[in-house]
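Okay, so here's the structure we're looking at.
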Amino acid sequence: MLVASLTLLASGGLFAQNSDTQNDVSALKAQMQKMQSENQTQMQRMQKEYEDRITQMESEMKSLESKADTGSILNTRILTDADGKEIEGKAPILDESFLKSLTRNFTFSAYVRAGVNFNGNGGGGNFSFNLPDNDGGRPRLGNENDTYMELTWMQAHMLGDSPDVMDVSMSFTPAIVYNQSRKTATTNGTKTDSGVEETGNDFQFNLRQAFLEMKNVFKSAPEITFWGGQRFYDRFNFDPNDYFWLDTSGYGAGVYNIDVGLGKLALAYFGGIDDTLIAHTSGAFYKHTLDVRLKDISLGAAGSLMLVGVANYEKGTTFQTGYDGEGNTLTLRNPLRVGGAWGIGGGFVYKLSLSNSSYVQLYALFGRGATNFSTSTDLGLATGFESSFIALHPGTPAGTTVSTGNVINRQREFRAGAIFVWNPVPVFSMALWGFWALKDQGFFSTGFDGDGDFKKVSGNVNIVEAGIRPVFWVADNIAIQGQAWYGYEDNNRNGSGTDGFGKNGSMGVFTLAPTIKPKGGYYTRPELRVFATYSIWSNSLRGDVGRIPGTSFGPYANSKATDGWLFGTQVEWFF
């Protein structure tokens with residue numbers, strides 16, 4: 001009985017304890033459910049707030065976009081004052097299209113060469129070995145006396161990328177030139193410190209390009225491109241000789257990429273101004289140039305052809321005013337009457353492209369009158385005629401007008417040449433070139449020879465130049481370059497006061513240049529070169545080779561030598 005009672009009491013205690021535990025669990029469950037419900041409500045409220053804020057921001061963005069000028073680089077937004085009230089006006093903002101224009105639509109390119117050299121007599125190498133009547137071309141390797149750079153900025157898709165808008169691009173190219181000074185620092189010119197580098201004459205800052213191009217003007221022919229401004233216009237040159245044989249670059253406007261079936265037609269107008277002299281009735285001398293080209297004429301496997309036509313006109317006038325050495329205007333002793341002139345010319349350019357960027361290019365051009373295959377005027381020809389006339393008629397009274405008649409119309413020019421750039425294997429490249437140019441200025445030149453005797457020289461000058469520039473790689477980035485060049489001219493006109501004036505003469509230039517450059521082809525850059533250049537010329541050119549630019553003297557011109565050396569280092573790169 002006692003056992004049964006104890007057992008009953010124990011069971012009752014356990015039952016009571018289990019009941020309390022169940023009550024506690026139920027309470028905890030109820031509390032957790034309440035907390036979950038409260039958290040869910042709070043999360044829903046926070047989610048609703050975030051959704052409302054996102055909706056508001058999207059609405060504001062759509063409002064701004066609807067008020068912006070779509071497709072433009074710089075869009076606008078509403079302006080407010082200090083109290084937040086709307087005011088009139090527009091301001092640029094950095095939107096997506098503007099950021100694209102600074103990255104994908106912007107390109108930068110450069111051409112730079114810089115170096116220093118000294119001559120075999122121990123002085124500076126601020127001159128080049130070249131023929132007196134050269135067109136400006138010179139064998140370049142180890143024979144460049146200047147530091148020169150062209151920096152080009154181009155902005156494409158200025159109105160946006162949409163095919164519905166006109167595709168406009170901009171190009172801008174300043175050029176910087178140092179011809180003589182290699183000083184670490186150059187001071188400002190003063191009366192007591194007046195070397196060429198101090199006066200600033202050594203430094204030139206030129207604007208070579210500033211133009212717009214516009215495509216997609218016609219939706220049916222979006223490739224037709226209009227342009228206007230100042231630009232390099234489809235120019236051609238021999239790179240190893242630095243000779244531009246077709247270059248009508250300048251100020252003007254034109255259109256190209258006109259498909260006419262046989263090829264692509266390009267039309268351009270250029271205007272050239274020469275303010276050396278002033279005419280009181282018409283101002284500076286002006287030249288009109290019309291350039292017509294039919295490009296990309298396919299000859300199949302035989303290559304491609306371009307036909308060129310150029311027409312020019314210069315209005316006649318009388319010049320009464322010029323400038324002295326300080327740039328001040330002065331009255332001419334003898335007014336100069338320049339007759340109206342026209343010109344016409346043309347020719348062809350042929351190119352055969354080969355493997356590994358190798359090619360052969362040939363050209364032949366003929367121009368008569370004011371056509372000289374550039375946009376430069378013929379005023380220099382007229383002033384040269386006046387100088388010769390006064391020299392032949394020394395008794396001409398002051399104030400007498402000198403008329404050039406139709407001398408510009410009598411001018412003629414022939415040009416023909418070829419270049420072969422060969423890249424047969426990655427460790428060898430070569431450029432081989434040659435050209436002939438005949439220039440007839442239409443009148444006899446006058447001057448004095450080296451003995452002081454007065455001479456009259458034919459207006460015809462024949463120039464023949466040829467060269468070869470091989471490159472051998474001895475390692476992936478180490479090469480040996482060489483150059484052999486020959487030049488000939490007759491009736492030297494530019495050497496008045498020297499032994500060579502009016503004579504025929506020839507010269508050779510030879511260079512050896514160990515070079516650091518990437519292998520793969522003639523045009524691979526950058527290059528770092530050290531060089532030794534030797535030149536030899538005929539006796540008839542004594543005193544007329546090795547002149548410092550802008551002077552009548554130089555280390556080899558003064559010594560009347562017939563050979564000379566240049567040594568130095570140079571870097572060149574473009575991208």
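Just so we're on the same page: first chain in the structure tokens is A, next is B, and so on; residues restart at 1 for each chain, and ligands are numbered from 1 in the order they show up.
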Using only C-alpha atoms, find each residue of region 275-385 of chain A with at least one atom at most 10 Å away from an atom of region 510-533 of chain A; report its shortest atom-to-atom pair and that distance in Å (one decimal), sort the rows by chain and rising residue number, and return the result as a tab-separated table.
```
residue	atom	partner	partner_atom	distance
A:Asn356	CA	A:Gly521	CA	7.9
A:Ser357	CA	A:Gly521	CA	7.8
A:Ser358	CA	A:Gly521	CA	8.6
```
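Residues within 10 Å of Asn460 (chain A), counting only C-alpha atoms and excluding same-chain residues fewer than 6 positions away, are Gln411, Arg412, Glu413, Leu438, Lys439, Asp440, Gln441, Gly442, Phe443, Phe444, Ser445, Asp490, Asn491, Asn492 and Arg493 of chain A.
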Put those residues in a file: C-alpha atoms, as an mmCIF file, in the first residue's frame.
```cif
data_model
loop_
_atom_site.group_PDB
_atom_site.id
_atom_site.type_symbol
_atom_site.label_atom_id
_atom_site.label_comp_id
_atom_site.auth_asym_id
_atom_site.auth_seq_id
_atom_site.Cartn_x
_atom_site.Cartn_y
_atom_site.Cartn_z
ATOM 1 C CA GLN A 411 57.159 77.775 -116.107
ATOM 2 C CA ARG A 412 57.197 73.972 -116.559
ATOM 3 C CA GLU A 413 57.821 71.017 -114.301
ATOM 4 C CA LEU A 438 63.041 68.934 -114.442
ATOM 5 C CA LYS A 439 62.301 72.508 -113.409
ATOM 6 C CA ASP A 440 62.171 75.300 -115.993
ATOM 7 C CA GLN A 441 61.518 78.680 -114.391
ATOM 8 C CA GLY A 442 60.961 80.376 -117.727
ATOM 9 C CA PHE A 443 63.808 82.932 -117.574
ATOM 10 C CA PHE A 444 67.572 83.155 -117.107
ATOM 11 C CA SER A 445 68.997 83.540 -113.605
ATOM 12 C CA ASP A 490 72.832 70.730 -113.790
ATOM 13 C CA ASN A 491 72.777 74.535 -114.069
ATOM 14 C CA ASN A 492 73.061 75.138 -110.306
ATOM 15 C CA ARG A 493 70.935 78.253 -109.688
#
```
Taking 3 positions as the minimum chain separation for residues in the same chain, which residues sit within 6 Å of Gly137 (chain A) when counting only C-alpha atoms? Answer as a PyMOL selection string.
chain A and resi 241-243
Given only C-alpha atoms as the basis, pick out the residue of A:Pro240, A:Ala370, A:Leu566, A:Asp544 nearest to Phe420 (chain A).
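The answer is A:Pro240, which sits nearest to Phe420 (chain A).
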Restricting the calculation to only C-alpha atoms: of A:Asn423, A:Asn372, A:Thr383, A:Asn312, which residue gets closest to Asn334 (chain A)?
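For Asn334 (chain A), the nearest of the candidates is A:Thr383.
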For CA of Ile536 (chain A) and CA of Phe448 (chain A), determine how far apart the two atoms are, in Å to one decimal place.
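Taking CA of Ile536 (chain A) and CA of Phe448 (chain A), their separation equals 23.9 Å.
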Using only C-alpha atoms, which protein or nucleic acid residues come within 9 Å of Gly263 (chain A)? Drop anything in the same chain fewer than 3 positions from it, and give the result as a PyMOL selection string.
chain A and resi 257-260+294-298+306
What lies within 10 Å of Ser376 (chain A) using only C-alpha atoms, ignoring chain neighbours under 2 positions off, as a PyMOL selection string?
chain A and resi 248-250+271-274+286-289+370-374+378-380
Using N, CA and C atoms, can you export the residues from the last selection as a compact mmCIF listing (two decimals), in the first residue's frame?
```txt
# COMPACT_ATOMS: atom_id res chain seq x y z
N THR A 248 49.50 68.74 -102.15
CA THR A 248 48.68 69.95 -102.24
C THR A 248 48.03 70.28 -100.90
N SER A 249 48.66 69.89 -99.82
CA SER A 249 48.12 70.15 -98.49
C SER A 249 47.98 71.65 -98.26
N GLY A 250 46.99 72.02 -97.45
CA GLY A 250 46.80 73.43 -97.14
C GLY A 250 45.40 73.71 -96.65
N GLY A 271 43.28 77.26 -101.15
CA GLY A 271 43.71 78.64 -101.36
C GLY A 271 45.05 78.87 -100.68
N GLY A 272 46.01 79.45 -101.42
CA GLY A 272 47.33 79.74 -100.87
C GLY A 272 47.60 81.23 -100.85
N ILE A 273 48.13 81.73 -99.74
CA ILE A 273 48.40 83.16 -99.58
C ILE A 273 49.88 83.37 -99.34
N ASP A 274 50.47 84.38 -100.02
CA ASP A 274 51.85 84.79 -99.77
C ASP A 274 51.84 86.28 -99.46
N TYR A 286 47.53 85.68 -104.03
CA TYR A 286 46.65 84.56 -103.73
C TYR A 286 46.65 83.56 -104.88
N LYS A 287 46.65 82.26 -104.52
CA LYS A 287 46.66 81.20 -105.51
C LYS A 287 45.46 80.27 -105.30
N HIS A 288 44.72 80.01 -106.39
CA HIS A 288 43.61 79.08 -106.38
C HIS A 288 44.11 77.73 -106.89
N THR A 289 43.71 76.65 -106.22
CA THR A 289 44.08 75.30 -106.64
C THR A 289 42.84 74.41 -106.65
N ALA A 370 51.31 77.93 -113.41
CA ALA A 370 51.24 78.04 -111.95
C ALA A 370 51.04 76.70 -111.25
N THR A 371 51.05 75.59 -111.98
CA THR A 371 50.86 74.27 -111.37
C THR A 371 52.22 73.68 -110.99
N ASN A 372 52.48 73.60 -109.69
CA ASN A 372 53.73 73.02 -109.18
C ASN A 372 53.46 71.90 -108.18
N PHE A 373 52.23 71.37 -108.18
CA PHE A 373 51.84 70.23 -107.35
C PHE A 373 51.98 70.53 -105.86
N SER A 374 51.77 71.79 -105.52
CA SER A 374 51.67 72.23 -104.13
C SER A 374 50.73 73.43 -104.13
N ASP A 378 53.49 81.40 -106.64
CA ASP A 378 54.67 81.59 -107.49
C ASP A 378 55.26 82.99 -107.34
N LEU A 379 55.01 83.63 -106.20
CA LEU A 379 55.54 84.97 -106.00
C LEU A 379 57.06 84.97 -105.98
N GLY A 380 57.68 83.90 -105.44
CA GLY A 380 59.14 83.81 -105.43
C GLY A 380 59.72 83.79 -106.84
```
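The spacing separating CA of Phe454 (chain A) from CA of Ser128 (chain A) amounts to 28.0 Å.
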